[in-house]
$ cat structure-v3.cif   # mmCIF, C-alpha atoms and all ligand atoms
data_query
loop_
_atom_site.label_atom_id
_atom_site.label_comp_id
_atom_site.auth_asym_id
_atom_site.auth_seq_id
_atom_site.Cartn_x
_atom_site.Cartn_y
_atom_site.Cartn_z
CA MET A 84 0.26 44.15 12.24
CA LYS A 85 1.69 45.93 9.22
CA ARG A 86 -0.56 47.74 6.78
CA ASP A 87 -0.05 47.03 3.05
CA ILE A 88 -1.81 48.90 0.26
CA ILE A 89 -1.92 46.49 -2.65
CA SER A 90 -5.48 47.18 -3.76
CA VAL A 91 -7.97 50.00 -3.29
CA MET A 92 -9.75 47.39 -1.15
CA ASP A 93 -6.95 47.76 1.41
CA MET A 94 -8.38 51.25 2.01
CA ALA A 95 -12.00 50.05 2.13
CA GLY A 96 -12.50 51.24 5.69
CA ASP A 97 -10.74 54.59 5.52
CA LEU A 98 -10.41 55.78 1.92
CA GLU A 99 -12.16 59.08 2.61
CA ASP A 100 -10.14 59.55 5.83
CA ILE A 101 -6.92 59.20 3.80
CA ILE A 102 -8.27 61.75 1.31
CA ASP A 103 -9.11 64.17 4.15
CA LEU A 104 -5.69 63.64 5.75
CA SER A 105 -4.05 64.38 2.38
CA ILE A 106 -6.07 67.60 2.05
CA LYS A 107 -4.82 68.60 5.51
CA LEU A 108 -1.21 67.72 4.62
CA LYS A 109 -1.49 69.85 1.47
CA ARG A 110 -1.90 72.88 3.75
CA GLN A 111 1.17 71.78 5.74
CA ARG A 112 3.30 71.30 2.64
CA TYR A 113 6.77 71.79 4.10
CA GLU A 114 6.05 70.64 7.64
CA GLN A 115 8.30 67.83 8.86
CA PHE A 116 7.00 65.23 11.26
CA PRO A 117 9.40 63.87 13.92
CA GLN A 118 8.14 60.32 13.46
CA PHE A 119 9.54 60.34 9.90
CA THR A 120 13.08 61.29 10.94
CA ASN A 121 15.57 58.69 9.68
CA HIS A 122 12.76 56.66 8.14
CA VAL A 123 13.44 55.30 4.68
CA LEU A 124 11.22 54.34 1.76
CA GLY A 125 12.63 51.83 -0.73
CA MET A 126 11.04 52.32 -4.17
CA ILE A 127 11.32 49.45 -6.68
CA PHE A 128 10.32 50.46 -10.21
CA GLU A 129 10.20 47.78 -12.93
CA LYS A 130 8.58 50.32 -15.29
CA PRO A 131 9.12 54.03 -15.98
CA SER A 132 7.43 56.67 -13.83
CA THR A 133 7.33 60.43 -13.49
CA ARG A 134 4.49 61.17 -11.04
CA THR A 135 4.64 58.14 -8.79
CA ARG A 136 8.40 58.22 -8.37
CA VAL A 137 8.75 61.95 -7.83
CA SER A 138 5.67 62.28 -5.60
CA LEU A 139 6.71 59.42 -3.30
CA GLU A 140 10.31 60.61 -3.05
CA THR A 141 9.33 64.24 -2.50
CA ALA A 142 6.69 63.22 0.04
CA MET A 143 9.14 61.17 2.07
CA THR A 144 11.75 63.96 1.95
CA GLN A 145 9.33 66.74 2.91
CA LEU A 146 7.93 64.67 5.78
CA GLY A 147 11.47 64.37 7.17
CA GLY A 148 12.49 60.94 5.90
CA HIS A 149 14.41 59.67 2.91
CA ALA A 150 13.68 57.60 -0.21
CA ILE A 151 15.85 55.30 -2.33
CA TYR A 152 15.02 54.61 -6.00
CA LEU A 153 15.70 50.99 -6.84
CA ASN A 154 15.93 49.90 -10.46
CA PRO A 155 15.67 46.09 -10.71
CA ASN A 156 18.36 46.13 -13.44
CA ASP A 157 20.79 47.45 -10.84
CA MET A 158 19.65 45.01 -8.16
CA GLN A 159 20.26 41.30 -7.72
CA ILE A 160 16.55 40.75 -8.41
CA GLY A 161 17.48 41.50 -12.04
CA ARG A 162 19.92 38.55 -11.87
CA GLY A 163 17.52 36.06 -10.37
CA GLU A 164 17.35 36.80 -6.63
CA THR A 165 13.78 36.00 -5.69
CA VAL A 166 11.14 38.58 -4.84
CA ALA A 167 10.67 36.84 -1.49
CA ASP A 168 14.35 37.07 -0.54
CA THR A 169 14.48 40.67 -1.73
CA ALA A 170 11.50 41.46 0.49
CA ARG A 171 13.18 39.91 3.53
CA VAL A 172 16.48 41.69 2.91
CA LEU A 173 14.94 45.11 2.25
CA SER A 174 12.80 44.77 5.38
CA GLY A 175 16.02 44.82 7.38
CA PHE A 176 17.00 48.18 5.89
CA VAL A 177 13.95 50.27 5.08
CA ASP A 178 10.71 51.11 6.89
CA VAL A 179 8.33 50.93 3.94
CA ILE A 180 8.58 49.65 0.35
CA SER A 181 6.77 50.81 -2.78
CA TYR A 182 6.73 48.52 -5.80
CA ARG A 183 5.77 49.22 -9.44
CA ALA A 184 5.63 45.80 -11.04
CA PHE A 185 4.60 44.08 -14.23
CA LYS A 186 2.84 41.32 -12.32
CA HIS A 187 0.31 41.74 -9.53
CA GLU A 188 1.44 38.36 -8.10
CA ASN A 189 4.91 39.78 -7.55
CA VAL A 190 3.50 42.66 -5.50
CA LEU A 191 1.56 40.13 -3.41
CA GLU A 192 4.70 38.00 -3.04
CA LEU A 193 6.76 41.00 -1.91
CA ALA A 194 4.08 42.03 0.61
CA LYS A 195 3.78 38.48 1.93
CA ASN A 196 7.49 38.25 2.63
CA ALA A 197 8.23 41.80 3.77
CA THR A 198 7.89 42.66 7.44
CA VAL A 199 7.43 46.35 6.56
CA PRO A 200 4.40 47.87 4.77
CA VAL A 201 4.27 47.50 0.98
CA ILE A 202 2.55 50.04 -1.28
CA ASN A 203 1.53 49.02 -4.80
CA ALA A 204 2.86 51.76 -7.09
CA LEU A 205 0.98 50.26 -10.11
CA ASP A 206 0.84 46.76 -11.49
CA ASP A 207 -1.09 45.02 -14.26
CA LEU A 208 -4.24 44.81 -12.12
CA GLU A 209 -4.45 48.00 -10.06
CA HIS A 210 -3.13 51.50 -9.41
CA PRO A 211 -4.50 52.20 -5.93
CA VAL A 212 -2.41 55.25 -5.00
CA GLN A 213 -3.60 57.05 -8.15
CA ILE A 214 -7.22 56.74 -7.11
CA VAL A 215 -6.66 58.51 -3.78
CA ALA A 216 -5.34 61.57 -5.67
CA ASP A 217 -8.22 61.38 -8.15
CA PHE A 218 -10.88 61.51 -5.48
CA MET A 219 -8.96 64.08 -3.45
CA THR A 220 -9.18 66.30 -6.55
CA VAL A 221 -12.89 65.56 -6.94
CA LYS A 222 -13.49 66.43 -3.28
CA GLU A 223 -11.61 69.72 -3.63
CA LYS A 224 -13.54 70.71 -6.75
CA LYS A 225 -17.00 69.30 -6.00
CA GLY A 226 -16.99 69.29 -2.20
CA ARG A 227 -17.95 65.62 -2.07
CA VAL A 228 -17.06 62.18 -3.39
CA ASN A 229 -20.46 60.49 -3.08
CA ASN A 230 -23.63 60.77 -5.16
CA LEU A 231 -21.71 61.54 -8.33
CA LYS A 232 -21.69 59.84 -11.70
CA VAL A 233 -18.12 58.93 -12.65
CA SER A 234 -17.59 57.85 -16.27
CA TYR A 235 -14.50 56.07 -17.47
CA VAL A 236 -14.00 55.89 -21.22
CA GLY A 237 -11.31 53.71 -22.77
CA ASP A 238 -9.35 50.62 -21.86
CA GLY A 239 -10.56 48.51 -18.92
CA ASN A 240 -7.06 48.53 -17.43
CA ASN A 241 -5.35 48.81 -14.03
CA VAL A 242 -6.50 52.43 -13.52
CA ALA A 243 -10.08 51.55 -14.53
CA ASN A 244 -10.11 48.62 -12.08
CA SER A 245 -8.97 50.78 -9.16
CA LEU A 246 -11.29 53.63 -10.16
CA ILE A 247 -14.30 51.30 -10.11
CA LEU A 248 -13.45 50.06 -6.61
CA GLY A 249 -12.83 53.60 -5.32
CA THR A 250 -16.02 54.97 -6.84
CA VAL A 251 -18.31 52.35 -5.34
CA LEU A 252 -16.56 52.41 -1.94
CA LEU A 253 -17.19 56.15 -1.80
CA GLY A 254 -20.86 55.80 -2.76
CA SER A 255 -20.85 57.16 -6.30
CA ASP A 256 -22.00 55.57 -9.56
CA ILE A 257 -19.60 54.35 -12.23
CA ALA A 258 -20.22 53.90 -15.95
CA VAL A 259 -17.47 52.43 -18.10
CA GLY A 260 -17.50 52.85 -21.87
CA CYS A 261 -15.09 50.41 -23.52
CA PRO A 262 -14.85 48.19 -26.59
CA LYS A 263 -16.00 44.60 -26.22
CA GLY A 264 -13.13 42.40 -25.04
CA HIS A 265 -11.49 45.29 -23.16
CA GLU A 266 -13.75 45.41 -20.14
CA PRO A 267 -12.34 45.83 -16.63
CA ASN A 268 -11.20 42.75 -14.70
CA LYS A 269 -14.05 40.30 -13.90
CA ASP A 270 -12.97 39.61 -10.31
CA ILE A 271 -12.74 43.34 -9.60
CA LEU A 272 -16.23 43.82 -11.04
CA GLU A 273 -17.57 41.07 -8.77
CA ILE A 274 -16.03 42.72 -5.70
CA ALA A 275 -17.41 46.09 -6.83
CA GLU A 276 -20.92 44.60 -7.23
CA GLN A 277 -20.74 43.30 -3.67
CA ILE A 278 -19.69 46.71 -2.28
CA ALA A 279 -22.35 48.46 -4.38
CA LYS A 280 -25.04 46.45 -2.57
CA ASP A 281 -24.04 48.27 0.63
CA THR A 282 -23.24 51.71 -0.74
CA GLY A 283 -26.14 51.85 -3.23
CA SER A 284 -23.79 52.59 -6.14
CA ASN A 285 -24.72 51.75 -9.69
CA ILE A 286 -22.21 50.01 -12.00
CA GLU A 287 -22.62 50.02 -15.78
CA ILE A 288 -20.23 48.44 -18.29
CA LEU A 289 -21.20 49.70 -21.73
CA SER A 290 -19.78 49.55 -25.22
CA ASP A 291 -21.37 52.90 -26.12
CA PRO A 292 -19.14 55.79 -24.93
CA VAL A 293 -21.96 58.34 -25.38
CA LYS A 294 -24.23 56.42 -23.02
CA ALA A 295 -21.35 56.06 -20.57
CA VAL A 296 -20.79 59.83 -20.29
CA GLU A 297 -24.46 60.89 -20.28
CA SER A 298 -24.94 63.38 -17.40
CA ALA A 299 -21.51 62.48 -15.99
CA ASP A 300 -20.05 64.60 -13.18
CA VAL A 301 -16.57 63.22 -13.84
CA ILE A 302 -15.12 61.94 -17.10
CA TYR A 303 -11.93 59.92 -16.74
CA THR A 304 -9.70 58.37 -19.34
CA ASP A 305 -6.28 56.73 -19.49
CA VAL A 306 -3.91 55.60 -22.22
CA TRP A 307 -5.11 52.94 -24.64
CA VAL A 308 -1.73 51.20 -24.54
CA SER A 309 -0.40 50.58 -21.04
CA MET A 310 3.25 50.03 -20.21
CA GLY A 311 4.24 46.56 -21.38
CA GLU A 312 1.53 46.38 -24.09
CA GLU A 313 3.47 48.21 -26.79
CA LYS A 314 3.15 45.29 -29.21
CA ASP A 315 -0.65 45.85 -29.35
CA LYS A 316 -0.27 49.57 -30.15
CA GLU A 317 -1.53 49.69 -33.74
CA GLN A 318 -4.38 47.28 -33.23
CA LYS A 319 -5.56 49.04 -30.05
CA GLU A 320 -5.34 52.50 -31.56
CA ARG A 321 -7.68 51.35 -34.36
CA LEU A 322 -10.07 49.59 -32.01
CA PHE A 323 -10.34 52.49 -29.55
CA ARG A 324 -10.80 55.26 -32.15
CA ASN A 325 -14.45 55.83 -31.18
CA TYR A 326 -13.57 56.03 -27.51
CA GLN A 327 -11.66 59.29 -27.73
CA VAL A 328 -12.67 61.91 -25.15
CA ASN A 329 -13.31 64.90 -27.43
CA SER A 330 -15.63 67.91 -27.47
CA GLU A 331 -18.40 65.92 -29.15
CA LEU A 332 -18.35 63.27 -26.44
CA VAL A 333 -18.08 65.59 -23.44
CA ALA A 334 -21.11 67.55 -24.72
CA HIS A 335 -23.19 64.69 -23.26
CA ALA A 336 -21.84 65.17 -19.73
CA SER A 337 -23.31 67.42 -17.03
CA LYS A 338 -22.47 71.07 -17.71
CA ASP A 339 -19.99 71.33 -14.82
CA TYR A 340 -18.27 67.98 -15.35
CA LEU A 341 -14.63 67.49 -14.39
CA PHE A 342 -12.11 65.89 -16.73
CA LEU A 343 -9.54 63.62 -15.08
CA HIS A 344 -6.63 61.65 -16.52
CA CYS A 345 -3.97 59.90 -14.45
CA LEU A 346 -1.38 61.02 -17.05
CA PRO A 347 0.78 60.63 -19.07
CA ALA A 348 -1.71 61.68 -21.77
CA HIS A 349 -1.54 61.23 -25.52
CA ARG A 350 -3.30 64.21 -27.07
CA GLY A 351 -5.05 63.17 -30.27
CA LEU A 352 -5.51 59.58 -29.10
CA GLU A 353 -7.51 58.95 -25.89
CA VAL A 354 -8.15 62.68 -25.39
CA THR A 355 -8.03 65.77 -27.56
CA GLY A 356 -5.90 68.78 -26.71
CA ASP A 357 -8.95 71.04 -26.32
CA VAL A 358 -10.50 68.80 -23.65
CA MET A 359 -7.14 68.54 -21.85
CA GLU A 360 -6.81 72.33 -21.81
CA SER A 361 -10.48 73.14 -21.15
CA LEU A 362 -11.73 74.74 -17.95
CA HIS A 363 -13.24 71.38 -17.01
CA SER A 364 -9.83 69.72 -16.98
CA VAL A 365 -8.23 69.30 -13.54
CA VAL A 366 -5.45 66.96 -14.62
CA PHE A 367 -2.58 69.06 -13.29
CA ASP A 368 -4.24 69.55 -9.88
CA GLU A 369 -4.79 65.80 -9.93
CA ALA A 370 -1.09 65.25 -10.70
CA GLU A 371 0.00 67.61 -7.90
CA ASN A 372 -2.31 65.80 -5.51
CA ARG A 373 -0.21 62.69 -6.05
CA LEU A 374 2.31 64.39 -3.72
CA HIS A 375 -0.20 65.19 -0.99
CA THR A 376 -1.83 61.75 -1.16
CA ALA A 377 1.59 60.10 -1.12
CA LYS A 378 2.04 61.80 2.26
CA GLY A 379 -1.43 60.73 3.39
CA ILE A 380 -0.75 57.14 2.39
CA LEU A 381 2.76 57.01 3.89
CA SER A 382 1.45 58.45 7.17
CA THR A 383 -1.38 55.93 7.19
CA VAL A 384 0.77 52.85 6.65
CA LEU A 385 3.59 53.96 8.95
CA TYR A 386 1.60 55.36 11.90
N1 LIG A 401 -0.09 58.48 -13.17
C1 LIG A 401 1.09 57.87 -12.95
O1 LIG A 401 1.18 56.91 -12.19
O2 LIG A 401 2.13 58.41 -13.61
P1 LIG A 401 3.62 57.87 -13.67
O3 LIG A 401 3.64 56.65 -14.56
O4 LIG A 401 4.40 59.01 -14.24
O5 LIG A 401 4.07 57.51 -12.29
N1 LIG A 402 -2.58 52.27 -17.54
C1 LIG A 402 -1.33 52.98 -17.57
C2 LIG A 402 -1.21 53.91 -16.40
C3 LIG A 402 0.03 54.74 -16.37
C4 LIG A 402 0.12 55.59 -15.13
C5 LIG A 402 -0.18 51.98 -17.60
O1 LIG A 402 -0.26 50.97 -16.89
O2 LIG A 402 0.79 52.20 -18.31
#

$ encode --input "structure-v3.cif" --output "structure tokens" --more "lines below"
Ligand code: CP
Ligand code: NVA
Amino acid sequence: MKRDIISVMDMAGDLEDIIDLSIKLKRQRYEQFPQFTNHVLGMIFEKPSTRTRVSLETAMTQLGGHAIYLNPNDMQIGRGETVADTARVLSGFVDVISYRAFKHENVLELAKNATVPVINALDDLEHPVQIVADFMTVKEKKGRVNNLKVSYVGDGNNVANSLILGTVLLGSDIAVGCPKGHEPNKDILEIAEQIAKDTGSNIEILSDPVKAVESADVIYTDVWVSMGEEKDKEQKERLFRNYQVNSELVAHASKDYLFLHCLPAHRGLEVTGDVMESLHSVVFDEAENRLHTAKGILSTVLY
């Protein structure tokens, strides 16, 4: 049976194994693997991308395979060919497909109809591949991914949803500080509560950002305005003003906290420049780890 990664939950049984494999592959950066020879990744991007696109393409190339960037505007899907037919056609050409989509349902539809593995490269509900790199970075810096307090401050968006699932699966606690009405997805929270019963993790959804970061080992934020939400920009920037990760807020964290951001960042909005550039900030290691985790994920779904 093929292995899709649509949600962090698709890594529920082996998330830490994928992290460990990625750490190993980081040491073997330019090593090619014979099983990747002539293997092709098709990458559909409905939205812009720097990290996800370049990490997946570089990963596939370094492993010994090849990747093709597919812009829907240049494909028949942009002229009405269905996602299902596209999935069936691409399955005859490529060995694995990644898909960055506006709608989660379209990623599910592609996966349902493709006979090759499908990797969610971000949609409106989740960003699962990001979370593997985030916790790889935490493991490298802290030596573990369990028994930590992870705090997410900002919009309860796709990254927040995946972070919550990853945190509780790995046995850490998560506290989210977000304005009312911008909480993470309800269904995701229900799944996370179920997992937390087994892993002993604590989940807090708070409107007070100070409470959320109290004694935090990791502080994470993301943009206030996600791709596709540009029309809400002014209103959201006003509403989220008190949720900026700045020196005043991080003073409430544990003294050796790590600052993470999936990037791209907007200095002066969700995070200040001094926090981004502080010794606590590991955002560029986190970004580089997108490459190593792309290899870990590709190896896991293909072999
Ligand atoms: N973090 C992330 O997914 O970045 P890109 O949008 O540049 O891929
Ligand atoms: N929440 C952001 C993440 C970008 C990597 C967005 O969806 O635009």

$ closest_atom_pairs --input "structure-v3.cif" --of "chain A" --to "ligand LIG 402 (chain A)" --cutoff "8 Å" --atoms "all atoms listed in the file" --output "CSV"
residue,atom,partner,partner_atom,distance
A:Ser132,CA,A:LIG402,C4,7.5
A:Leu205,CA,A:LIG402,O1,6.9
A:Asp206,CA,A:LIG402,O1,6.9
A:Asp207,CA,A:LIG402,O1,6.6
A:His210,CA,A:LIG402,C2,7.6
A:Asn240,CA,A:LIG402,N1,5.8
A:Asn241,CA,A:LIG402,N1,5.7
A:Val242,CA,A:LIG402,N1,5.6
A:Asp305,CA,A:LIG402,N1,6.1
A:Val306,CA,A:LIG402,N1,5.9
A:Trp307,CA,A:LIG402,N1,7.6
A:Val308,CA,A:LIG402,O2,6.8
A:Ser309,CA,A:LIG402,O2,3.4
A:Met310,CA,A:LIG402,O2,3.8
A:Gly311,CA,A:LIG402,O2,7.3
A:Cys345,CA,A:LIG402,C4,6.0
A:Leu346,CA,A:LIG402,C4,6.0
A:Pro347,CA,A:LIG402,C4,6.4

$ write_last_selection --input "structure-v3.cif" --atoms "C-alpha atoms" --output "mmCIF file, in the coordinates of the input"
data_model
loop_
_atom_site.group_PDB
_atom_site.id
_atom_site.type_symbol
_atom_site.label_atom_id
_atom_site.label_comp_id
_atom_site.auth_asym_id
_atom_site.auth_seq_id
_atom_site.Cartn_x
_atom_site.Cartn_y
_atom_site.Cartn_z
ATOM 1 C CA SER A 132 7.430 56.670 -13.830
ATOM 2 C CA LEU A 205 0.980 50.260 -10.110
ATOM 3 C CA ASP A 206 0.840 46.760 -11.490
ATOM 4 C CA ASP A 207 -1.090 45.020 -14.260
ATOM 5 C CA HIS A 210 -3.130 51.500 -9.410
ATOM 6 C CA ASN A 240 -7.060 48.530 -17.430
ATOM 7 C CA ASN A 241 -5.350 48.810 -14.030
ATOM 8 C CA VAL A 242 -6.500 52.430 -13.520
ATOM 9 C CA ASP A 305 -6.280 56.730 -19.490
ATOM 10 C CA VAL A 306 -3.910 55.600 -22.220
ATOM 11 C CA TRP A 307 -5.110 52.940 -24.640
ATOM 12 C CA VAL A 308 -1.730 51.200 -24.540
ATOM 13 C CA SER A 309 -0.400 50.580 -21.040
ATOM 14 C CA MET A 310 3.250 50.030 -20.210
ATOM 15 C CA GLY A 311 4.240 46.560 -21.380
ATOM 16 C CA CYS A 345 -3.970 59.900 -14.450
ATOM 17 C CA LEU A 346 -1.380 61.020 -17.050
ATOM 18 C CA PRO A 347 0.780 60.630 -19.070
#

$ residues_around --input "structure-v3.cif" --residues "Val179 (chain A)" --least-positions-apart "4" --cutoff "7 Å" --atoms "all atoms listed in the file" --output "number ranges by chain"
A: 123-125, 199-201

$ atom_distance --input "structure-v3.cif" --atom1 "CA of Glu223 (chain A)" --atom2 "CA of Gly254 (chain A)"
16.7 Å

$ residues_near_ligand --input "structure-v3.cif" --ligand "ligand LIG 401 (chain A)" --cutoff "12 Å" --atoms "only C-alpha atoms and all ligand atoms" --output "PDB file with C-alpha atoms, keeping the file's coordinate frame"
ATOM      1  CA  MET A 126      11.040  52.320  -4.170  1.00  0.00           C
ATOM      2  CA  PHE A 128      10.320  50.460 -10.210  1.00  0.00           C
ATOM      3  CA  GLU A 129      10.200  47.780 -12.930  1.00  0.00           C
ATOM      4  CA  LYS A 130       8.580  50.320 -15.290  1.00  0.00           C
ATOM      5  CA  PRO A 131       9.120  54.030 -15.980  1.00  0.00           C
ATOM      6  CA  SER A 132       7.430  56.670 -13.830  1.00  0.00           C
ATOM      7  CA  THR A 133       7.330  60.430 -13.490  1.00  0.00           C
ATOM      8  CA  ARG A 134       4.490  61.170 -11.040  1.00  0.00           C
ATOM      9  CA  THR A 135       4.640  58.140  -8.790  1.00  0.00           C
ATOM     10  CA  ARG A 136       8.400  58.220  -8.370  1.00  0.00           C
ATOM     11  CA  VAL A 137       8.750  61.950  -7.830  1.00  0.00           C
ATOM     12  CA  SER A 138       5.670  62.280  -5.600  1.00  0.00           C
ATOM     13  CA  LEU A 139       6.710  59.420  -3.300  1.00  0.00           C
ATOM     14  CA  GLU A 140      10.310  60.610  -3.050  1.00  0.00           C
ATOM     15  CA  SER A 181       6.770  50.810  -2.780  1.00  0.00           C
ATOM     16  CA  TYR A 182       6.730  48.520  -5.800  1.00  0.00           C
ATOM     17  CA  ARG A 183       5.770  49.220  -9.440  1.00  0.00           C
ATOM     18  CA  ALA A 184       5.630  45.800 -11.040  1.00  0.00           C
ATOM     19  CA  ASN A 203       1.530  49.020  -4.800  1.00  0.00           C
ATOM     20  CA  ALA A 204       2.860  51.760  -7.090  1.00  0.00           C
ATOM     21  CA  LEU A 205       0.980  50.260 -10.110  1.00  0.00           C
ATOM     22  CA  ASP A 206       0.840  46.760 -11.490  1.00  0.00           C
ATOM     23  CA  GLU A 209      -4.450  48.000 -10.060  1.00  0.00           C
ATOM     24  CA  HIS A 210      -3.130  51.500  -9.410  1.00  0.00           C
ATOM     25  CA  PRO A 211      -4.500  52.200  -5.930  1.00  0.00           C
ATOM     26  CA  VAL A 212      -2.410  55.250  -5.000  1.00  0.00           C
ATOM     27  CA  GLN A 213      -3.600  57.050  -8.150  1.00  0.00           C
ATOM     28  CA  ILE A 214      -7.220  56.740  -7.110  1.00  0.00           C
ATOM     29  CA  VAL A 215      -6.660  58.510  -3.780  1.00  0.00           C
ATOM     30  CA  ALA A 216      -5.340  61.570  -5.670  1.00  0.00           C
ATOM     31  CA  ASP A 217      -8.220  61.380  -8.150  1.00  0.00           C
ATOM     32  CA  ASN A 241      -5.350  48.810 -14.030  1.00  0.00           C
ATOM     33  CA  VAL A 242      -6.500  52.430 -13.520  1.00  0.00           C
ATOM     34  CA  THR A 304      -9.700  58.370 -19.340  1.00  0.00           C
ATOM     35  CA  ASP A 305      -6.280  56.730 -19.490  1.00  0.00           C
ATOM     36  CA  VAL A 306      -3.910  55.600 -22.220  1.00  0.00           C
ATOM     37  CA  SER A 309      -0.400  50.580 -21.040  1.00  0.00           C
ATOM     38  CA  MET A 310       3.250  50.030 -20.210  1.00  0.00           C
ATOM     39  CA  LEU A 343      -9.540  63.620 -15.080  1.00  0.00           C
ATOM     40  CA  HIS A 344      -6.630  61.650 -16.520  1.00  0.00           C
ATOM     41  CA  CYS A 345      -3.970  59.900 -14.450  1.00  0.00           C
ATOM     42  CA  LEU A 346      -1.380  61.020 -17.050  1.00  0.00           C
ATOM     43  CA  PRO A 347       0.780  60.630 -19.070  1.00  0.00           C
ATOM     44  CA  ALA A 348      -1.710  61.680 -21.770  1.00  0.00           C
ATOM     45  CA  VAL A 366      -5.450  66.960 -14.620  1.00  0.00           C
ATOM     46  CA  PHE A 367      -2.580  69.060 -13.290  1.00  0.00           C
ATOM     47  CA  GLU A 369      -4.790  65.800  -9.930  1.00  0.00           C
ATOM     48  CA  ALA A 370      -1.090  65.250 -10.700  1.00  0.00           C
ATOM     49  CA  GLU A 371       0.000  67.610  -7.900  1.00  0.00           C
ATOM     50  CA  ASN A 372      -2.310  65.800  -5.510  1.00  0.00           C
ATOM     51  CA  ARG A 373      -0.210  62.690  -6.050  1.00  0.00           C
ATOM     52  CA  LEU A 374       2.310  64.390  -3.720  1.00  0.00           C
ATOM     53  CA  ALA A 377       1.590  60.100  -1.120  1.00  0.00           C
TER      54      ALA A 377
END

$ residues_around --input "structure-v3.cif" --residues "Gly239 (chain A)" --least-positions-apart "3" --cutoff "6 Å" --atoms "only C-alpha atoms" --output "compact mmCIF listing (two decimals) with C-alpha atoms, keeping the file's coordinate frame"
# COMPACT_ATOMS: atom_id res chain seq x y z
CA ALA A 243 -10.08 51.55 -14.53
CA HIS A 265 -11.49 45.29 -23.16
CA GLU A 266 -13.75 45.41 -20.14
CA PRO A 267 -12.34 45.83 -16.63

$ atom_distance --input "structure-v3.cif" --atom1 "CA of Gly379 (chain A)" --atom2 "CA of Leu108 (chain A)"
7.1 Å

$ residues_around --input "structure-v3.cif" --residues "region 276-280 of chain A" --least-positions-apart "5" --cutoff "12 Å" --atoms "only C-alpha atoms" --output "list of chain:residue names"
A:Met92, A:Ala95, A:Gly96, A:Ile247, A:Leu248, A:Gly249, A:Thr250, A:Val251, A:Leu252, A:Leu253, A:Gly254, A:Ser255, A:Asp256, A:Ile257, A:Lys269, A:Asp270, A:Ile271, A:Asn285, A:Ile286, A:Glu287, A:Ile288

$ closest_residue --input "structure-v3.cif" --among "A:Leu381, A:Leu104, A:Ile89, A:Gly147" --to "Pro117 (chain A)" --atoms "all atoms listed in the file"
A:Gly147

$ atom_distance --input "structure-v3.cif" --atom1 "CA of Arg86 (chain A)" --atom2 "CA of Gln115 (chain A)"
22.1 Å

$ closest_residue --input "structure-v3.cif" --among "A:Arg110, A:His363, A:Arg162, A:His122" --to "Ala334 (chain A)" --atoms "only C-alpha atoms"
A:His363

$ residues_around --input "structure-v3.cif" --residues "Gly148 (chain A)" --least-positions-apart "3" --cutoff "7 Å" --atoms "only C-alpha atoms" --output "mmCIF file with C-alpha atoms, in the coordinates of the input"
data_model
loop_
_atom_site.group_PDB
_atom_site.id
_atom_site.type_symbol
_atom_site.label_atom_id
_atom_site.label_comp_id
_atom_site.auth_asym_id
_atom_site.auth_seq_id
_atom_site.Cartn_x
_atom_site.Cartn_y
_atom_site.Cartn_z
ATOM 1 C CA PHE A 119 9.540 60.340 9.900
ATOM 2 C CA THR A 120 13.080 61.290 10.940
ATOM 3 C CA ASN A 121 15.570 58.690 9.680
ATOM 4 C CA HIS A 122 12.760 56.660 8.140
ATOM 5 C CA VAL A 123 13.440 55.300 4.680
ATOM 6 C CA MET A 143 9.140 61.170 2.070
ATOM 7 C CA THR A 144 11.750 63.960 1.950
#

$ closest_residue --input "structure-v3.cif" --among "A:Leu362, A:Ala275, A:Val91, A:Leu153" --to "Ser245 (chain A)" --atoms "all atoms listed in the file"
A:Val91

$ residues_around --input "structure-v3.cif" --residues "Ala194 (chain A)" --least-positions-apart "2" --cutoff "12 Å" --atoms "only C-alpha atoms" --output "PyMOL selection string"
chain A and resi 85-90+166-171+173-174+179-182+187-192+196-203

$ closest_residue --input "structure-v3.cif" --among "A:Leu193, A:Leu322, A:Val172, A:Val328" --to "Val236 (chain A)" --atoms "all atoms listed in the file"
A:Val328

$ closest_residue --input "structure-v3.cif" --among "A:Met158, A:Ile151, A:Leu332, A:Leu352" --to "Val177 (chain A)" --atoms "all atoms listed in the file"
A:Ile151

$ closest_residue --input "structure-v3.cif" --among "A:Asp339, A:Asp157, A:Ala258, A:Arg227" --to "Asp291 (chain A)" --atoms "all atoms listed in the file"
A:Ala258
